[in-house]
$ cat protein_7.cif   # mmCIF, C-alpha atoms and all ligand atoms
data_work
#
loop_
_atom_site.group_PDB
_atom_site.id
_atom_site.type_symbol
_atom_site.label_atom_id
_atom_site.label_comp_id
_atom_site.auth_asym_id
_atom_site.auth_seq_id
_atom_site.Cartn_x
_atom_site.Cartn_y
_atom_site.Cartn_z
ATOM 1 C CA MET A 22 -40.571 -21.267 0.646
ATOM 2 C CA PRO A 23 -38.849 -18.144 -0.720
ATOM 3 C CA GLU A 24 -36.949 -18.088 -3.975
ATOM 4 C CA PRO A 25 -33.166 -17.975 -3.315
ATOM 5 C CA ILE A 26 -31.634 -14.562 -3.821
ATOM 6 C CA THR A 27 -28.246 -12.912 -3.385
ATOM 7 C CA ILE A 28 -27.296 -9.254 -3.449
ATOM 8 C CA ALA A 29 -23.822 -7.758 -3.310
ATOM 9 C CA THR A 30 -22.117 -4.370 -3.310
ATOM 10 C CA TRP A 31 -20.621 -2.725 -6.403
ATOM 11 C CA PRO A 32 -20.236 -4.014 -9.963
ATOM 12 C CA PHE A 33 -17.607 -6.567 -8.936
ATOM 13 C CA GLY A 34 -20.256 -7.983 -6.595
ATOM 14 C CA LYS A 35 -21.701 -9.629 -9.719
ATOM 15 C CA LEU A 36 -19.015 -12.293 -9.438
ATOM 16 C CA ALA A 37 -20.002 -12.931 -5.826
ATOM 17 C CA VAL A 38 -23.666 -13.158 -6.816
ATOM 18 C CA GLU A 39 -22.938 -15.631 -9.635
ATOM 19 C CA VAL A 40 -20.991 -17.936 -7.326
ATOM 20 C CA ALA A 41 -23.458 -17.639 -4.429
ATOM 21 C CA MET A 42 -26.482 -18.292 -6.663
ATOM 22 C CA LYS A 43 -24.929 -21.530 -7.949
ATOM 23 C CA ALA A 44 -24.419 -22.670 -4.356
ATOM 24 C CA LEU A 45 -27.978 -21.723 -3.377
ATOM 25 C CA ALA A 46 -29.370 -23.593 -6.399
ATOM 26 C CA LYS A 47 -27.660 -26.738 -5.063
ATOM 27 C CA GLY A 48 -29.457 -26.244 -1.762
ATOM 28 C CA GLU A 49 -26.486 -24.905 0.189
ATOM 29 C CA PRO A 50 -27.152 -22.711 3.249
ATOM 30 C CA ALA A 51 -27.176 -18.940 2.803
ATOM 31 C CA LEU A 52 -24.034 -18.427 4.868
ATOM 32 C CA ASP A 53 -22.016 -20.951 2.821
ATOM 33 C CA ALA A 54 -23.263 -19.406 -0.416
ATOM 34 C CA ALA A 55 -22.469 -15.845 0.645
ATOM 35 C CA LEU A 56 -19.010 -16.926 1.836
ATOM 36 C CA ALA A 57 -18.259 -18.722 -1.442
ATOM 37 C CA GLY A 58 -19.315 -15.584 -3.325
ATOM 38 C CA ALA A 59 -17.228 -13.254 -1.179
ATOM 39 C CA GLN A 60 -14.213 -15.542 -1.460
ATOM 40 C CA ALA A 61 -14.438 -15.529 -5.261
ATOM 41 C CA VAL A 62 -14.007 -11.757 -5.123
ATOM 42 C CA GLU A 63 -11.148 -12.061 -2.590
ATOM 43 C CA ASP A 64 -9.464 -14.475 -5.008
ATOM 44 C CA ASP A 65 -9.750 -12.297 -8.083
ATOM 45 C CA THR A 66 -6.694 -10.039 -8.019
ATOM 46 C CA THR A 67 -7.561 -8.735 -11.493
ATOM 47 C CA ILE A 68 -10.547 -6.763 -10.215
ATOM 48 C CA ARG A 69 -9.012 -3.326 -9.973
ATOM 49 C CA ASN A 70 -9.121 -1.784 -6.512
ATOM 50 C CA SER A 71 -11.203 -4.625 -5.262
ATOM 51 C CA VAL A 72 -11.029 -6.609 -2.045
ATOM 52 C CA GLY A 73 -8.401 -9.091 -0.929
ATOM 53 C CA PHE A 74 -4.887 -9.474 -2.287
ATOM 54 C CA GLY A 75 -3.833 -6.955 -4.928
ATOM 55 C CA SER A 76 -6.115 -4.225 -3.569
ATOM 56 C CA LEU A 77 -5.265 -0.807 -2.150
ATOM 57 C CA PRO A 78 -2.990 -0.722 0.909
ATOM 58 C CA ASP A 79 -2.600 1.628 3.876
ATOM 59 C CA ARG A 80 -0.438 4.740 4.001
ATOM 60 C CA LEU A 81 2.717 2.689 4.539
ATOM 61 C CA GLY A 82 1.902 0.461 1.596
ATOM 62 C CA ARG A 83 0.858 -2.478 3.760
ATOM 63 C CA LEU A 84 -2.273 -4.375 2.850
ATOM 64 C CA THR A 85 -4.381 -5.265 5.890
ATOM 65 C CA LEU A 86 -7.736 -6.964 5.536
ATOM 66 C CA ASP A 87 -10.978 -6.934 7.539
ATOM 67 C CA ALA A 88 -13.922 -9.327 7.285
ATOM 68 C CA CYS A 89 -16.945 -10.628 9.128
ATOM 69 C CA LEU A 90 -19.888 -12.932 8.627
ATOM 70 C CA MET A 91 -23.178 -13.649 10.341
ATOM 71 C CA ASP A 92 -25.707 -16.471 10.278
ATOM 72 C CA GLY A 93 -29.289 -15.212 10.393
ATOM 73 C CA ARG A 94 -30.647 -18.462 11.836
ATOM 74 C CA THR A 95 -28.552 -18.536 15.017
ATOM 75 C CA LEU A 96 -27.046 -14.999 15.133
ATOM 76 C CA SER A 97 -23.632 -16.718 15.211
ATOM 77 C CA CYS A 98 -20.980 -14.352 13.926
ATOM 78 C CA GLY A 99 -17.229 -13.977 13.565
ATOM 79 C CA ALA A 100 -14.798 -11.308 12.444
ATOM 80 C CA VAL A 101 -11.138 -10.456 11.892
ATOM 81 C CA ALA A 102 -9.574 -7.026 11.502
ATOM 82 C CA CYS A 103 -6.246 -5.623 10.364
ATOM 83 C CA VAL A 104 -4.907 -9.015 9.281
ATOM 84 C CA GLU A 105 -1.864 -9.188 7.022
ATOM 85 C CA HIS A 106 -0.754 -11.982 4.675
ATOM 86 C CA ILE A 107 -3.940 -14.033 4.911
ATOM 87 C CA LYS A 108 -5.701 -14.397 1.585
ATOM 88 C CA HIS A 109 -9.133 -15.401 2.837
ATOM 89 C CA PRO A 110 -10.102 -13.187 5.797
ATOM 90 C CA ALA A 111 -13.804 -14.062 5.478
ATOM 91 C CA ALA A 112 -13.028 -17.786 5.843
ATOM 92 C CA LEU A 113 -10.832 -16.881 8.821
ATOM 93 C CA ALA A 114 -13.751 -14.955 10.336
ATOM 94 C CA ARG A 115 -15.775 -18.133 10.009
ATOM 95 C CA ARG A 116 -13.145 -20.038 12.025
ATOM 96 C CA VAL A 117 -13.367 -17.367 14.737
ATOM 97 C CA MET A 118 -17.115 -17.972 14.779
ATOM 98 C CA GLU A 119 -16.872 -21.758 14.822
ATOM 99 C CA LYS A 120 -13.694 -22.469 16.792
ATOM 100 C CA THR A 121 -13.568 -19.774 19.470
ATOM 101 C CA PRO A 122 -15.971 -18.323 22.023
ATOM 102 C CA HIS A 123 -15.214 -14.865 20.587
ATOM 103 C CA VAL A 124 -16.516 -12.687 17.785
ATOM 104 C CA LEU A 125 -13.526 -10.573 16.737
ATOM 105 C CA LEU A 126 -9.768 -11.210 16.555
ATOM 106 C CA VAL A 127 -7.364 -8.524 15.348
ATOM 107 C CA GLY A 128 -3.901 -7.927 13.895
ATOM 108 C CA GLU A 129 -0.946 -10.178 14.671
ATOM 109 C CA ALA A 130 -3.003 -12.365 16.991
ATOM 110 C CA ALA A 131 -5.551 -12.983 14.246
ATOM 111 C CA LYS A 132 -2.659 -13.998 12.009
ATOM 112 C CA TRP A 133 -1.361 -16.428 14.618
ATOM 113 C CA PHE A 134 -4.845 -17.885 14.921
ATOM 114 C CA ALA A 135 -4.936 -18.256 11.124
ATOM 115 C CA LEU A 136 -1.648 -20.183 11.237
ATOM 116 C CA GLN A 137 -2.993 -22.448 13.964
ATOM 117 C CA GLN A 138 -6.000 -23.092 11.769
ATOM 118 C CA GLY A 139 -3.829 -24.104 8.825
ATOM 119 C CA PHE A 140 -4.144 -20.941 6.717
ATOM 120 C CA PRO A 141 -0.938 -20.240 4.753
ATOM 121 C CA LEU A 142 0.912 -16.940 4.979
ATOM 122 C CA GLU A 143 1.004 -15.382 1.518
ATOM 123 C CA VAL A 144 2.353 -12.300 -0.211
ATOM 124 C CA PRO A 145 -0.606 -9.986 -0.712
ATOM 125 C CA TYR A 146 0.883 -7.692 -3.360
ATOM 126 C CA THR A 147 0.775 -7.833 -7.121
ATOM 127 C CA ALA A 148 2.992 -5.943 -9.553
ATOM 128 C CA GLU A 149 -0.028 -3.759 -10.393
ATOM 129 C CA SER A 150 -0.917 -3.018 -6.780
ATOM 130 C CA ILE A 151 2.680 -1.983 -5.981
ATOM 131 C CA LYS A 152 2.825 0.299 -9.025
ATOM 132 C CA GLU A 153 -0.532 1.821 -8.169
ATOM 133 C CA TRP A 154 0.563 2.527 -4.611
ATOM 134 C CA LEU A 155 3.785 4.144 -5.766
ATOM 135 C CA ASP A 156 1.842 6.319 -8.238
ATOM 136 C CA ALA A 157 -0.813 7.346 -5.748
ATOM 137 C CA HIS A 158 1.192 7.475 -2.513
ATOM 138 C CA PRO A 159 -0.334 10.297 -0.451
ATOM 139 C CA GLU A 160 3.084 11.528 0.698
ATOM 140 C CA ARG A 161 3.854 12.347 -2.907
ATOM 141 C CA LYS A 162 0.705 14.421 -3.229
ATOM 142 C CA LYS A 163 1.088 17.161 -0.662
ATOM 143 C CA LYS A 164 -2.499 18.365 -1.014
ATOM 144 C CA ASP A 165 -3.816 15.035 0.272
ATOM 145 C CA ASP A 166 -1.590 14.914 3.327
ATOM 146 C CA LYS A 167 -4.118 16.023 5.925
ATOM 147 C CA LYS A 168 -7.080 13.976 4.772
ATOM 148 C CA PRO A 169 -6.737 10.756 6.722
ATOM 149 C CA THR A 170 -5.407 12.432 9.871
ATOM 150 C CA SER A 171 -7.815 15.319 10.571
ATOM 151 C CA ALA A 172 -10.690 14.567 12.946
ATOM 152 C CA ASP A 173 -13.270 14.704 10.198
ATOM 153 C CA GLY A 174 -10.864 13.879 7.393
ATOM 154 C CA ALA A 175 -12.692 10.681 6.624
ATOM 155 C CA SER A 176 -15.734 12.741 5.658
ATOM 156 C CA ASP A 177 -13.837 14.208 2.717
ATOM 157 C CA ILE A 178 -12.901 10.875 1.266
ATOM 158 C CA ASN A 179 -14.567 10.393 -2.042
ATOM 159 C CA ILE A 180 -15.935 6.875 -2.399
ATOM 160 C CA ASN A 181 -16.884 5.763 -5.864
ATOM 161 C CA GLU A 182 -16.877 2.740 -8.083
ATOM 162 C CA PHE A 183 -13.128 2.947 -8.536
ATOM 163 C CA ASN A 184 -11.763 3.412 -5.021
ATOM 164 C CA HIS A 185 -14.026 1.434 -2.730
ATOM 165 C CA ASP A 186 -12.709 -1.839 -1.457
ATOM 166 C CA THR A 187 -15.580 -3.769 0.032
ATOM 167 C CA VAL A 188 -17.798 -6.587 -1.026
ATOM 168 C CA THR A 189 -20.810 -7.324 1.139
ATOM 169 C CA VAL A 190 -22.825 -10.358 0.109
ATOM 170 C CA LEU A 191 -26.297 -11.121 1.484
ATOM 171 C CA SER A 192 -28.073 -14.390 0.619
ATOM 172 C CA LEU A 193 -31.448 -15.968 1.279
ATOM 173 C CA ASP A 194 -31.517 -19.754 0.873
ATOM 174 C CA LYS A 195 -34.204 -22.261 -0.098
ATOM 175 C CA LYS A 196 -35.049 -22.896 3.552
ATOM 176 C CA GLY A 197 -35.678 -19.214 4.150
ATOM 177 C CA HIS A 198 -32.497 -18.547 6.141
ATOM 178 C CA LEU A 199 -30.349 -15.471 5.703
ATOM 179 C CA GLY A 200 -26.547 -15.286 5.715
ATOM 180 C CA GLY A 201 -24.154 -12.416 5.124
ATOM 181 C CA VAL A 202 -20.450 -11.814 4.599
ATOM 182 C CA CYS A 203 -18.429 -8.618 4.347
ATOM 183 C CA THR A 204 -14.772 -8.513 3.291
ATOM 184 C CA THR A 205 -12.526 -5.546 2.551
ATOM 185 C CA SER A 206 -9.094 -4.000 2.552
ATOM 186 C CA GLY A 207 -10.690 -0.906 4.080
ATOM 187 C CA LEU A 208 -10.256 2.644 2.905
ATOM 188 C CA ALA A 209 -7.396 3.130 0.502
ATOM 189 C CA TYR A 210 -4.332 4.749 2.130
ATOM 190 C CA LYS A 211 -5.843 4.564 5.619
ATOM 191 C CA LEU A 212 -3.649 5.171 8.644
ATOM 192 C CA PRO A 213 -1.940 1.932 9.735
ATOM 193 C CA GLY A 214 -4.137 0.203 12.312
ATOM 194 C CA ARG A 215 -7.317 1.875 11.165
ATOM 195 C CA VAL A 216 -10.366 -0.405 11.128
ATOM 196 C CA GLY A 217 -13.620 0.683 9.519
ATOM 197 C CA ASP A 218 -17.172 -0.589 9.691
ATOM 198 C CA SER A 219 -16.688 -3.731 7.615
ATOM 199 C CA PRO A 220 -15.640 -6.234 10.318
ATOM 200 C CA ILE A 221 -17.854 -4.655 12.987
ATOM 201 C CA ILE A 222 -21.064 -6.612 13.495
ATOM 202 C CA GLY A 223 -23.903 -4.094 13.550
ATOM 203 C CA ALA A 224 -21.966 -1.526 11.510
ATOM 204 C CA GLY A 225 -20.793 -3.157 8.251
ATOM 205 C CA LEU A 226 -23.100 -6.181 8.536
ATOM 206 C CA TYR A 227 -26.048 -7.494 10.471
ATOM 207 C CA VAL A 228 -28.130 -10.578 9.719
ATOM 208 C CA ASP A 229 -31.172 -11.865 11.581
ATOM 209 C CA ASP A 230 -33.758 -14.226 10.066
ATOM 210 C CA LEU A 231 -36.379 -12.539 12.217
ATOM 211 C CA ALA A 232 -35.614 -9.039 10.893
ATOM 212 C CA GLY A 233 -33.536 -9.084 7.696
ATOM 213 C CA ALA A 234 -29.971 -8.735 6.495
ATOM 214 C CA ALA A 235 -28.144 -5.473 5.919
ATOM 215 C CA GLY A 236 -24.680 -4.433 4.811
ATOM 216 C CA ALA A 237 -22.729 -1.289 4.102
ATOM 217 C CA THR A 238 -19.932 0.206 2.067
ATOM 218 C CA GLY A 239 -18.396 3.661 1.982
ATOM 219 C CA VAL A 240 -16.673 5.727 4.654
ATOM 220 C CA GLY A 241 -16.623 3.306 7.568
ATOM 221 C CA GLU A 242 -16.285 5.970 10.264
ATOM 222 C CA GLU A 243 -19.686 7.353 9.274
ATOM 223 C CA ILE A 244 -21.277 3.902 9.142
ATOM 224 C CA ILE A 245 -19.960 3.017 12.618
ATOM 225 C CA ARG A 246 -21.250 6.347 13.971
ATOM 226 C CA ILE A 247 -24.850 5.371 13.252
ATOM 227 C CA GLY A 248 -24.531 1.582 13.705
ATOM 228 C CA GLY A 249 -25.697 1.390 10.077
ATOM 229 C CA SER A 250 -26.476 -2.271 9.461
ATOM 230 C CA LEU A 251 -28.104 -2.953 12.823
ATOM 231 C CA PHE A 252 -30.134 0.232 12.378
ATOM 232 C CA ILE A 253 -31.456 -1.073 9.042
ATOM 233 C CA ALA A 254 -32.213 -4.532 10.458
ATOM 234 C CA GLU A 255 -34.138 -2.956 13.327
ATOM 235 C CA GLN A 256 -36.127 -0.795 10.910
ATOM 236 C CA MET A 257 -37.104 -3.947 8.982
ATOM 237 C CA ARG A 258 -37.984 -5.697 12.253
ATOM 238 C CA ALA A 259 -40.296 -2.787 12.990
ATOM 239 C CA GLY A 260 -42.063 -3.260 9.643
ATOM 240 C CA LYS A 261 -40.215 -1.002 7.192
ATOM 241 C CA SER A 262 -39.364 -2.408 3.764
ATOM 242 C CA ALA A 263 -35.719 -3.089 2.907
ATOM 243 C CA GLN A 264 -35.748 -0.021 0.654
ATOM 244 C CA GLU A 265 -37.300 2.270 3.279
ATOM 245 C CA ALA A 266 -34.813 1.033 5.881
ATOM 246 C CA CYS A 267 -31.796 1.799 3.647
ATOM 247 C CA GLU A 268 -33.122 5.269 2.880
ATOM 248 C CA LEU A 269 -33.643 5.950 6.574
ATOM 249 C CA ALA A 270 -30.048 4.921 7.285
ATOM 250 C CA CYS A 271 -28.823 7.424 4.672
ATOM 251 C CA LYS A 272 -30.963 10.143 6.233
ATOM 252 C CA ARG A 273 -29.559 9.308 9.640
ATOM 253 C CA SER A 274 -26.014 9.420 8.304
ATOM 254 C CA ASN A 275 -26.685 12.785 6.655
ATOM 255 C CA ALA A 276 -28.171 14.100 9.900
ATOM 256 C CA ALA A 277 -25.174 12.864 11.916
ATOM 257 C CA ALA A 278 -22.841 14.783 9.604
ATOM 258 C CA GLY A 279 -25.039 17.872 9.982
ATOM 259 C CA ARG A 280 -24.716 17.708 13.776
ATOM 260 C CA ARG A 281 -20.945 17.852 13.397
ATOM 261 C CA GLY A 282 -21.162 20.643 10.867
ATOM 262 C CA VAL A 283 -19.501 18.620 8.109
ATOM 263 C CA HIS A 284 -20.715 17.634 4.679
ATOM 264 C CA PRO A 285 -22.241 14.146 4.643
ATOM 265 C CA ALA A 286 -19.720 11.490 3.717
ATOM 266 C CA ARG A 287 -20.296 8.922 1.036
ATOM 267 C CA VAL A 288 -21.947 5.841 2.448
ATOM 268 C CA ALA A 289 -24.146 3.187 0.894
ATOM 269 C CA PHE A 290 -26.365 0.461 2.263
ATOM 270 C CA LEU A 291 -28.092 -2.616 0.945
ATOM 271 C CA ALA A 292 -30.653 -4.864 2.577
ATOM 272 C CA LEU A 293 -32.535 -8.100 2.067
ATOM 273 C CA ASP A 294 -35.668 -8.961 4.015
ATOM 274 C CA PRO A 295 -36.615 -12.529 5.049
ATOM 275 C CA LYS A 296 -39.140 -12.755 2.190
ATOM 276 C CA GLY A 297 -36.658 -11.704 -0.500
ATOM 277 C CA GLY A 298 -37.443 -7.976 -0.664
ATOM 278 C CA VAL A 299 -34.376 -5.958 -1.671
ATOM 279 C CA GLY A 300 -33.377 -2.382 -0.884
ATOM 280 C CA ALA A 301 -30.389 -0.113 -1.486
ATOM 281 C CA ALA A 302 -29.619 3.564 -1.010
ATOM 282 C CA CYS A 303 -26.617 5.851 -0.842
ATOM 283 C CA THR A 304 -25.796 9.375 0.198
ATOM 284 C CA GLU A 305 -25.171 12.119 -2.332
ATOM 285 C CA LYS A 306 -22.738 11.334 -5.175
ATOM 286 C CA ALA A 307 -21.852 7.911 -3.825
ATOM 287 C CA ASP A 308 -22.949 6.464 -7.191
ATOM 288 C CA PHE A 309 -23.633 3.094 -5.629
ATOM 289 C CA LYS A 310 -24.338 0.135 -7.891
ATOM 290 C CA TYR A 311 -25.194 -3.288 -6.568
ATOM 291 C CA ALA A 312 -25.730 -6.737 -8.030
ATOM 292 C CA VAL A 313 -28.929 -8.731 -7.552
ATOM 293 C CA GLY A 314 -29.343 -12.415 -8.424
ATOM 294 C CA ARG A 315 -32.759 -14.042 -8.509
ATOM 295 C CA GLY A 316 -33.455 -17.293 -10.393
ATOM 296 C CA ASP A 317 -31.264 -17.304 -13.522
ATOM 297 C CA LYS A 318 -31.108 -13.542 -13.743
ATOM 298 C CA ILE A 319 -28.301 -11.359 -12.392
ATOM 299 C CA GLU A 320 -28.593 -7.615 -12.805
ATOM 300 C CA LEU A 321 -26.691 -4.545 -11.801
ATOM 301 C CA LEU A 322 -28.885 -1.854 -10.263
ATOM 302 C CA GLN A 323 -28.286 1.759 -9.341
ATOM 303 C CA ALA A 324 -29.122 2.666 -5.730
ATOM 304 C CA LYS A 325 -31.332 5.627 -4.930
ATOM 305 C CA GLU A 326 -29.372 8.677 -3.805
ATOM 306 C CA ILE A 327 -30.504 10.434 -0.638
ATOM 307 C CA GLY A 328 -29.215 14.007 -0.401
ATOM 308 C CA PRO A 329 -28.828 16.011 2.832
ATOM 309 C CA LYS A 330 -32.125 17.815 2.239
ATOM 310 C CA ALA A 331 -34.203 14.623 1.814
HETATM 311 N N1 LIG B 1 -16.440 0.604 4.414
HETATM 312 C C1 LIG B 1 -15.052 0.319 4.130
HETATM 313 C C2 LIG B 1 -14.214 0.868 5.263
HETATM 314 O O1 LIG B 1 -14.493 1.962 5.744
HETATM 315 C C3 LIG B 1 -14.551 0.905 2.853
HETATM 316 C C4 LIG B 1 -15.373 0.646 1.627
HETATM 317 O O2 LIG B 1 -16.544 0.308 1.694
HETATM 318 O O3 LIG B 1 -14.812 0.757 0.533
HETATM 319 O O4 LIG B 1 -13.242 0.264 5.629
#

$ encode --input "protein_7.cif" --output "structure tokens"
Amino acid sequence: MPEPITIATWPFGKLAVEVAMKALAKGEPALDAALAGAQAVEDDTTIRNSVGFGSLPDRLGRLTLDACLMDGRTLSCGAVACVEHIKHPAALARRVMEKTPHVLLVGEAAKWFALQQGFPLEVPYTAESIKEWLDAHPERKKKDDKKPTSADGASDININEFNHDTVTVLSLDKKGHLGGVCTTSGLAYKLPGRVGDSPIIGAGLYVDDLAGAAGATGVGEEIIRIGGSLFIAEQMRAGKSAQEACELACKRSNAAAGRRGVHPARVAFLALDPKGGVGAACTEKADFKYAVGRGDKIELLQAKEIGPKA
């Protein structure tokens, strides 16, 4: 049987890894562990620019959240997108998976479903998040005005450790099953209604015990364009290592940008194979760090950067 392992995006993913590893040590299934880890990050409003309540809103100052999860044993999955006032979108995604015949619910209707399921409506803003939005409001910075609206504007968005908003958590449990969760407030100052890769199964997350688990962070438009996480899972299914598969996804993303004549956007991928092999890679200057928990040890690693000429 494999040793339990959890990996998660960005330095704040360490919290998710700590929580998930404790659950795995108790023998909990990978999906439960990954969800508990992701929810710990959703709950922590002190993590600057992180996921969940207190994180960066859209252009109108409204915080809308996206999340999904997938069980590698059964390929069961659920997702919600553009949901307001619900603190735990990943747990809501799980209800979509378990209580409906559907995979994805969005917006107001997802909120109504949350209410039916007993989730409370809550105020998603903190004093800090309101101040930050007022300070950084794009309308106050004329030079930024065109970025989110131009056709390839998303490609210019600079993702780094301080402005990304996504935690993706991938776990392998004692029984050898994989589970994954992705939760986010999406790109900071996005257009209202915009949904990125994070709640899209196959883009922001894909998990299959027979292939591997993969997740993404960065400019969601670019990740959707190449079906990033499914692409990585299929590479692992075909025999590539988790690391090779992530690097290939970065190359594909770079190539897709080249075909449109734009500079590659910042995207990052991480992957976990069914035997516990880990991989991560990012495009140029994405400066992607990820947390890995194995046994008692949790470390923060730097992903390999794949430039447009690689
Ligand atoms: N991938 C997320 C999105 O495009 C953003 C991020 O990873 O920070 O919504």

$ closest_atom_pairs --input "protein_7.cif" --of "chain A" --to "ligand LIG 1 (chain B)" --cutoff "6 Å" --atoms "all atoms listed in the file" --output "JSON lines"
{"residue": "A:His185", "atom": "CA", "partner": "B:LIG1", "partner_atom": "O3", "distance": 3.4}
{"residue": "A:Asp186", "atom": "CA", "partner": "B:LIG1", "partner_atom": "O3", "distance": 3.9}
{"residue": "A:Thr187", "atom": "CA", "partner": "B:LIG1", "partner_atom": "O2", "distance": 4.5}
{"residue": "A:Gly207", "atom": "CA", "partner": "B:LIG1", "partner_atom": "O4", "distance": 3.2}
{"residue": "A:Leu208", "atom": "CA", "partner": "B:LIG1", "partner_atom": "C3", "distance": 4.6}
{"residue": "A:Gly217", "atom": "CA", "partner": "B:LIG1", "partner_atom": "O4", "distance": 3.9}
{"residue": "A:Asp218", "atom": "CA", "partner": "B:LIG1", "partner_atom": "O1", "distance": 5.4}
{"residue": "A:Ser219", "atom": "CA", "partner": "B:LIG1", "partner_atom": "N1", "distance": 5.4}
{"residue": "A:Thr238", "atom": "CA", "partner": "B:LIG1", "partner_atom": "O2", "distance": 3.4}
{"residue": "A:Gly239", "atom": "CA", "partner": "B:LIG1", "partner_atom": "O2", "distance": 3.8}
{"residue": "A:Val240", "atom": "CA", "partner": "B:LIG1", "partner_atom": "O1", "distance": 4.5}
{"residue": "A:Gly241", "atom": "CA", "partner": "B:LIG1", "partner_atom": "O1", "distance": 3.1}

$ resolve_selection --input "protein_7.cif" --expression "the PyMOL selection byres (((chain A and resi 319) around 10) and not hetatm)" --output "list in words"
Ile26, Thr27, Ile28, Lys35, Leu36, Val38, Glu39, Met42, Ala312, Val313, Gly314, Arg315, Gly316, Asp317, Lys318, Glu320, Leu321 and Leu322 of chain A

$ write_last_selection --input "protein_7.cif" --atoms "C-alpha atoms" --output "CSV table (one decimal), keeping the file's coordinate frame"
chain,number,residue,atom,x,y,z
A,26,ILE,CA,-31.6,-14.6,-3.8
A,27,THR,CA,-28.2,-12.9,-3.4
A,28,ILE,CA,-27.3,-9.3,-3.4
A,35,LYS,CA,-21.7,-9.6,-9.7
A,36,LEU,CA,-19.0,-12.3,-9.4
A,38,VAL,CA,-23.7,-13.2,-6.8
A,39,GLU,CA,-22.9,-15.6,-9.6
A,42,MET,CA,-26.5,-18.3,-6.7
A,312,ALA,CA,-25.7,-6.7,-8.0
A,313,VAL,CA,-28.9,-8.7,-7.6
A,314,GLY,CA,-29.3,-12.4,-8.4
A,315,ARG,CA,-32.8,-14.0,-8.5
A,316,GLY,CA,-33.5,-17.3,-10.4
A,317,ASP,CA,-31.3,-17.3,-13.5
A,318,LYS,CA,-31.1,-13.5,-13.7
A,320,GLU,CA,-28.6,-7.6,-12.8
A,321,LEU,CA,-26.7,-4.5,-11.8
A,322,LEU,CA,-28.9,-1.9,-10.3

$ residues_near_point --input "protein_7.cif" --point "(-36.1, -2.1, 1.9)" --cutoff "9 Å" --atoms "all atoms listed in the file" --output "MDAnalysis selection string"
chainID A and resid 253 257 261:268 291:294 298:301

$ axis_aligned_box --input "protein_7.cif" --around "segment 315-320 of chain A" --padding-each-side "8 Å" --output "AutoDock Vina command-line options"
--center_x -30.9 --center_y -12.5 --center_z -11.1 --size_x 21.2 --size_y 25.7 --size_z 21.2

$ closest_residue --input "protein_7.cif" --among "A:Lys43, A:Lys325, A:Leu77, A:Ala102" --to "Asp156 of chain A" --atoms "all atoms listed in the file"
A:Leu77

$ closest_residue --input "protein_7.cif" --among "A:Ala51, A:Leu45, A:Leu199, A:Val283" --to "Gly93 of chain A" --atoms "all atoms listed in the file"
A:Leu199

$ closest_residue --input "protein_7.cif" --among "A:Ala135, A:Val124, A:Ala235, A:Ile222" --to "Val104 of chain A" --atoms "all atoms listed in the file"
A:Ala135

$ atom_distance --input "protein_7.cif" --atom1 "atom CA of Phe134 of chain A" --atom2 "atom CA of Met91 of chain A"
19.4 Å

$ resolve_selection --input "protein_7.cif" --expression "the PyMOL selection byres (((chain A and resi 236) around 9) and not hetatm)" --output "CSV table (one decimal) with C-alpha atoms, in the coordinates of the input"
chain,number,residue,atom,x,y,z
A,29,ALA,CA,-23.8,-7.8,-3.3
A,30,THR,CA,-22.1,-4.4,-3.3
A,189,THR,CA,-20.8,-7.3,1.1
A,190,VAL,CA,-22.8,-10.4,0.1
A,191,LEU,CA,-26.3,-11.1,1.5
A,201,GLY,CA,-24.2,-12.4,5.1
A,202,VAL,CA,-20.4,-11.8,4.6
A,203,CYS,CA,-18.4,-8.6,4.3
A,219,SER,CA,-16.7,-3.7,7.6
A,223,GLY,CA,-23.9,-4.1,13.6
A,224,ALA,CA,-22.0,-1.5,11.5
A,225,GLY,CA,-20.8,-3.2,8.3
A,226,LEU,CA,-23.1,-6.2,8.5
A,227,TYR,CA,-26.0,-7.5,10.5
A,228,VAL,CA,-28.1,-10.6,9.7
A,234,ALA,CA,-30.0,-8.7,6.5
A,235,ALA,CA,-28.1,-5.5,5.9
A,237,ALA,CA,-22.7,-1.3,4.1
A,238,THR,CA,-19.9,0.2,2.1
A,249,GLY,CA,-25.7,1.4,10.1
A,250,SER,CA,-26.5,-2.3,9.5
A,251,LEU,CA,-28.1,-3.0,12.8
A,253,ILE,CA,-31.5,-1.1,9.0
A,289,ALA,CA,-24.1,3.2,0.9
A,290,PHE,CA,-26.4,0.5,2.3
A,291,LEU,CA,-28.1,-2.6,0.9
A,292,ALA,CA,-30.7,-4.9,2.6

$ resolve_selection --input "protein_7.cif" --expression "the PyMOL selection byres (((chain A and resi 139) around 12) and not hetatm)" --output "compact mmCIF listing (two decimals) with C-alpha atoms, keeping the file's coordinate frame"
# COMPACT_ATOMS: atom_id res chain seq x y z
CA ILE A 107 -3.94 -14.03 4.91
CA HIS A 109 -9.13 -15.40 2.84
CA ALA A 112 -13.03 -17.79 5.84
CA LEU A 113 -10.83 -16.88 8.82
CA ARG A 116 -13.14 -20.04 12.02
CA LYS A 132 -2.66 -14.00 12.01
CA TRP A 133 -1.36 -16.43 14.62
CA PHE A 134 -4.84 -17.89 14.92
CA ALA A 135 -4.94 -18.26 11.12
CA LEU A 136 -1.65 -20.18 11.24
CA GLN A 137 -2.99 -22.45 13.96
CA GLN A 138 -6.00 -23.09 11.77
CA PHE A 140 -4.14 -20.94 6.72
CA PRO A 141 -0.94 -20.24 4.75
CA LEU A 142 0.91 -16.94 4.98

$ residues_around --input "protein_7.cif" --residues "Leu126 of chain A" --least-positions-apart "4" --cutoff "7 Å" --atoms "only C-alpha atoms" --output "list in words"
Ala100, Val101, Ala102, Ala130 and Ala131 of chain A

$ closest_residue --input "protein_7.cif" --among "A:Trp154, A:Phe252, A:Trp31, A:Tyr311" --to "Arg273 of chain A" --atoms "all atoms listed in the file"
A:Phe252
